[in-house]
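Student: Pasting a structure here, questions to come.
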Amino acid sequence: MTTFSQLRKQINEAIGITDTFICYGKKVSITEKNEVSIDGEELGITFDSLDEAREYAKDYIKNTLEVDKIEETLIPEQYIASLISKHHNINRITDTLIDTYKELASSNSFSADPVIFEMKLSNVSVSHNKIEWKLDDGAVVAINASTQEHLNTLLKNKPEVVSHMRESKDNFINIVREVI
C-alpha cells in the first residue's frame, strides 16, 4: 500500500521536482536542476546543490515578507515632520517629503540619516536593541543603536560611503570596522 507522502513524492519526481516545503506560508518547489519556485513563480536562479537552493528560498522568503509598513505603525506625520526639522535645515516640509521618509524607513535600506534612525527607534522593527538594514546584495545586517548613532555622526556628509556600504555585507562590515 502506498502512503500519501510516497504518492506525492512519486508525482513530484515524475514532473521533475526534487523537494517541496512550506516556508512562512509560501510553497517552495525545487526542481532536479536545483531551480527554485515560490508559490508557482520561478525565481530564475539555479543553485549548485539542493541545500543551497533550500537555504536561498528560506532567506528569500524571509527577506521579502512584507513587514508592517511604517504608516501602519503609530508614527504620526507631525512627529516625522518634527524629526526632519530637528535634523535638517529645510524650510518647507511637504507631504511628499514625509512620504519619502516613510518609504525609506520601511524599506530597511541602510541609511545614515538621523531622521530614519529615530523613526526606526520608534518603530517595532527594532528588536533586541538592534536595527536591521537590508543591503543591495540581499544581505540583512543588524547593528545596535549606539553604533548607528556613531555612524550617523561620522557619515553625515559622506553619501558616497553610505552608498558603498549599501552595496554588500562585506562593504558594510569593512566600513564599520574601519570607523568604530
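The way I read the labels, and the way they are meant: chains A, B, ... in the order of the C-alpha cells, residue 1 as the first residue of every chain, and ligand 1 as the first ligand shown, with later ones counted on from there.
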When you look at region 43-56 of chain A with a cut-off of 7 Å (counting only C-alpha atoms), what residues show up, excluding the ones that are within fewer than 4 positions of it in the same chain? I need them as a PyMOL selection string.

Tutor: chain A and resi 33-37+60

Student: Could you write out that same residue set with N, CA and C atoms as a PDB file, in the first residue's frame?

Tutor:
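The new file selection.pdb reads:
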```pdb
ATOM      1  N   LYS A  33      17.081  20.358 -11.344  1.00  0.00           N
ATOM      2  CA  LYS A  33      18.191  21.234 -11.715  1.00  0.00           C
ATOM      3  C   LYS A  33      18.484  22.266 -10.626  1.00  0.00           C
ATOM      4  N   ASN A  34      17.887  22.084  -9.450  1.00  0.00           N
ATOM      5  CA  ASN A  34      18.051  22.990  -8.309  1.00  0.00           C
ATOM      6  C   ASN A  34      17.583  24.408  -8.613  1.00  0.00           C
ATOM      7  N   GLU A  35      16.476  24.506  -9.358  1.00  0.00           N
ATOM      8  CA  GLU A  35      15.826  25.781  -9.616  1.00  0.00           C
ATOM      9  C   GLU A  35      14.695  25.931  -8.611  1.00  0.00           C
ATOM     10  N   VAL A  36      14.508  27.142  -8.122  1.00  0.00           N
ATOM     11  CA  VAL A  36      13.535  27.398  -7.064  1.00  0.00           C
ATOM     12  C   VAL A  36      12.326  28.138  -7.620  1.00  0.00           C
ATOM     13  N   SER A  37      11.138  27.694  -7.184  1.00  0.00           N
ATOM     14  CA  SER A  37       9.926  28.472  -7.450  1.00  0.00           C
ATOM     15  C   SER A  37       9.174  28.612  -6.136  1.00  0.00           C
ATOM     16  N   TYR A  60      15.172  34.134   0.969  1.00  0.00           N
ATOM     17  CA  TYR A  60      14.432  34.980   0.034  1.00  0.00           C
ATOM     18  C   TYR A  60      13.046  35.294   0.590  1.00  0.00           C
TER      19      TYR A  60
END
```

Student: Quick one: residues within 10 Å of Leu154 (chain A), only C-alpha atoms counted, chain neighbours fewer than 3 positions away excluded, as a list of chain:residue names?

Tutor: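 In the requested form, the answer reads A:Ala112, A:Gln148, A:Glu149, A:His150, A:Leu151, A:Asn157, A:Lys158, A:Val179, A:Ile180.
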
Student: Taking the backbone alone, and naming residues the way the document does, which bits of chain A are alpha helix (DSSP H) by DSSP, as a VMD selection string?

Tutor: chain A and resid 4 to 14 50 to 64 77 to 87 95 to 107 114 to 122 145 to 154 159 to 167 169 to 179

Student: So which residues touch Ile38 (chain A) within 9 Å, counting only C-alpha atoms, skipping near sequence neighbours fewer than 3 positions away, as a PDB file with N, CA and C atoms, in the first residue's frame?

Tutor:
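Listing of around.pdb after writing:
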```
ATOM      1  N   LYS A  26       4.451  30.095   2.381  1.00  0.00           N
ATOM      2  CA  LYS A  26       4.703  30.063   0.932  1.00  0.00           C
ATOM      3  C   LYS A  26       5.149  28.659   0.547  1.00  0.00           C
ATOM      4  N   LYS A  27       4.623  28.155  -0.585  1.00  0.00           N
ATOM      5  CA  LYS A  27       5.016  26.827  -1.055  1.00  0.00           C
ATOM      6  C   LYS A  27       6.254  26.947  -1.927  1.00  0.00           C
ATOM      7  N   VAL A  28       7.292  26.243  -1.534  1.00  0.00           N
ATOM      8  CA  VAL A  28       8.567  26.258  -2.246  1.00  0.00           C
ATOM      9  C   VAL A  28       8.723  24.927  -2.971  1.00  0.00           C
ATOM     10  N   SER A  29       9.096  24.997  -4.246  1.00  0.00           N
ATOM     11  CA  SER A  29       9.397  23.803  -5.041  1.00  0.00           C
ATOM     12  C   SER A  29      10.795  23.946  -5.602  1.00  0.00           C
ATOM     13  N   ILE A  30      11.548  22.843  -5.558  1.00  0.00           N
ATOM     14  CA  ILE A  30      12.904  22.833  -6.100  1.00  0.00           C
ATOM     15  C   ILE A  30      12.982  21.704  -7.120  1.00  0.00           C
ATOM     16  N   GLU A  41       5.871  30.676  -8.813  1.00  0.00           N
ATOM     17  CA  GLU A  41       6.646  31.678  -9.543  1.00  0.00           C
ATOM     18  C   GLU A  41       8.131  31.313  -9.502  1.00  0.00           C
ATOM     19  N   GLU A  42       8.687  31.058 -10.679  1.00  0.00           N
ATOM     20  CA  GLU A  42      10.100  30.687 -10.757  1.00  0.00           C
ATOM     21  C   GLU A  42      10.981  31.898 -10.501  1.00  0.00           C
ATOM     22  N   LEU A  43      12.041  31.691  -9.728  1.00  0.00           N
ATOM     23  CA  LEU A  43      12.950  32.788  -9.419  1.00  0.00           C
ATOM     24  C   LEU A  43      14.012  32.968 -10.497  1.00  0.00           C
ATOM     25  N   ALA A  57      15.937  29.845  -0.749  1.00  0.00           N
ATOM     26  CA  ALA A  57      14.482  30.018  -0.729  1.00  0.00           C
ATOM     27  C   ALA A  57      14.013  30.534   0.627  1.00  0.00           C
ATOM     28  N   ILE A  61      12.371  34.281   1.073  1.00  0.00           N
ATOM     29  CA  ILE A  61      11.023  34.489   1.611  1.00  0.00           C
ATOM     30  C   ILE A  61      11.079  35.363   2.850  1.00  0.00           C
TER      31      ILE A  61
END
```

Student: Based on the backbone DSSP call, show me all residues of region 85-133 of chain A assigned strand (DSSP E), as an MDAnalysis selection string.

Tutor: chainID A and resid 130:133

Student: Write to file, as an mmCIF file, in the first residue's frame, the residues of the selection just made, with C-alpha atoms.

Tutor:
```
data_model
loop_
_atom_site.group_PDB
_atom_site.id
_atom_site.type_symbol
_atom_site.label_atom_id
_atom_site.label_comp_id
_atom_site.auth_asym_id
_atom_site.auth_seq_id
_atom_site.Cartn_x
_atom_site.Cartn_y
_atom_site.Cartn_z
ATOM 1 C CA LYS A 130 19.319 46.124 17.105
ATOM 2 C CA ILE A 131 18.327 47.943 13.939
ATOM 3 C CA GLU A 132 18.068 45.778 10.838
ATOM 4 C CA TRP A 133 19.100 47.015 7.412
#
```

Student: Which neighbours of Lys134 (chain A) fall inside 10 Å, counting only C-alpha atoms, when residues of the same chain fewer than 5 positions from it are skipped, and could you give them as a PyMOL selection string?

Tutor: chain A and resi 63+107-110+139-142+166-169

Student: Excluding Lys86 (chain A) and residues on its chain fewer than 6 positions from it, collect all residues at most 12 Å away from it, counting only C-alpha atoms, and give them as a PDB file with C-alpha atoms, in the first residue's frame.

Tutor:
```
ATOM      1  CA  TYR A  79       6.357  63.511  14.530  1.00  0.00           C
ATOM      2  CA  ILE A  80       8.130  62.774  11.240  1.00  0.00           C
ATOM      3  CA  ILE A  93       8.294  70.085   4.772  1.00  0.00           C
ATOM      4  CA  ASP A 113      20.141  59.785   8.030  1.00  0.00           C
ATOM      5  CA  PRO A 114      19.291  60.621  11.664  1.00  0.00           C
ATOM      6  CA  VAL A 115      15.600  61.063  10.805  1.00  0.00           C
ATOM      7  CA  GLU A 118      14.898  57.970  15.057  1.00  0.00           C
TER       8      GLU A 118
END
```

Student: In Å, with one decimal, what is the gap from CA of His164 (chain A) to CA of Ile116 (chain A)?

Tutor: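 Atom-to-atom, CA of His164 (chain A) to CA of Ile116 (chain A), that is 18.3 Å.
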
Student: Please determine, counting only C-alpha atoms, which residue among A:Thr100, A:Asn152, A:Thr18, A:Asn171 has the shortest atom-to-atom distance to Thr31 (chain A).

Tutor: A:Thr18

Student: Give the answer as one residue: which of A:Ser163, A:Val176, A:Met119, A:Thr96 has the shortest atom-to-atom distance to Leu83 (chain A), using only C-alpha atoms?

Tutor: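 Checking each of A:Ser163, A:Val176, A:Met119, A:Thr96 against Leu83 (chain A), counting only C-alpha atoms, the winner is A:Met119.
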
Student: What's the 10 Å shell around Leu97 (chain A), counting only C-alpha atoms, without same-chain residues fewer than 5 positions away, as a list in words?

Tutor: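 Near Leu97 (chain A), the qualifying residues are Ile80, Ala81, Ile84, Arg92, Lys102 and Glu103 of chain A.
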
Student: Go ahead and save the picked residues with N, CA and C atoms, as an mmCIF file, in the first residue's frame.

Tutor:
```
data_model
loop_
_atom_site.group_PDB
_atom_site.id
_atom_site.type_symbol
_atom_site.label_atom_id
_atom_site.label_comp_id
_atom_site.auth_asym_id
_atom_site.auth_seq_id
_atom_site.Cartn_x
_atom_site.Cartn_y
_atom_site.Cartn_z
ATOM 1 N N ILE A 80 7.143 62.869 12.316
ATOM 2 C CA ILE A 80 8.130 62.774 11.240
ATOM 3 C C ILE A 80 8.577 64.168 10.818
ATOM 4 N N ALA A 81 7.621 65.089 10.681
ATOM 5 C CA ALA A 81 7.957 66.466 10.306
ATOM 6 C C ALA A 81 8.868 67.105 11.348
ATOM 7 N N ILE A 84 12.363 65.759 10.882
ATOM 8 C CA ILE A 84 13.012 66.358 9.712
ATOM 9 C C ILE A 84 13.509 67.762 10.070
ATOM 10 N N ARG A 92 10.533 74.095 4.039
ATOM 11 C CA ARG A 92 9.178 73.636 3.788
ATOM 12 C C ARG A 92 9.148 72.109 3.775
ATOM 13 N N LYS A 102 8.844 57.970 5.103
ATOM 14 C CA LYS A 102 8.121 56.758 5.495
ATOM 15 C C LYS A 102 8.599 55.567 4.672
ATOM 16 N N GLU A 103 8.734 55.788 3.361
ATOM 17 C CA GLU A 103 9.193 54.734 2.460
ATOM 18 C C GLU A 103 10.610 54.290 2.811
#
```

Student: May I ask for the distance between CA of Cys23 (chain A) and CA of Lys58 (chain A), given in Å to one decimal place?

Tutor: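 Separating CA of Cys23 (chain A) from CA of Lys58 (chain A) is a distance of 6.5 Å.
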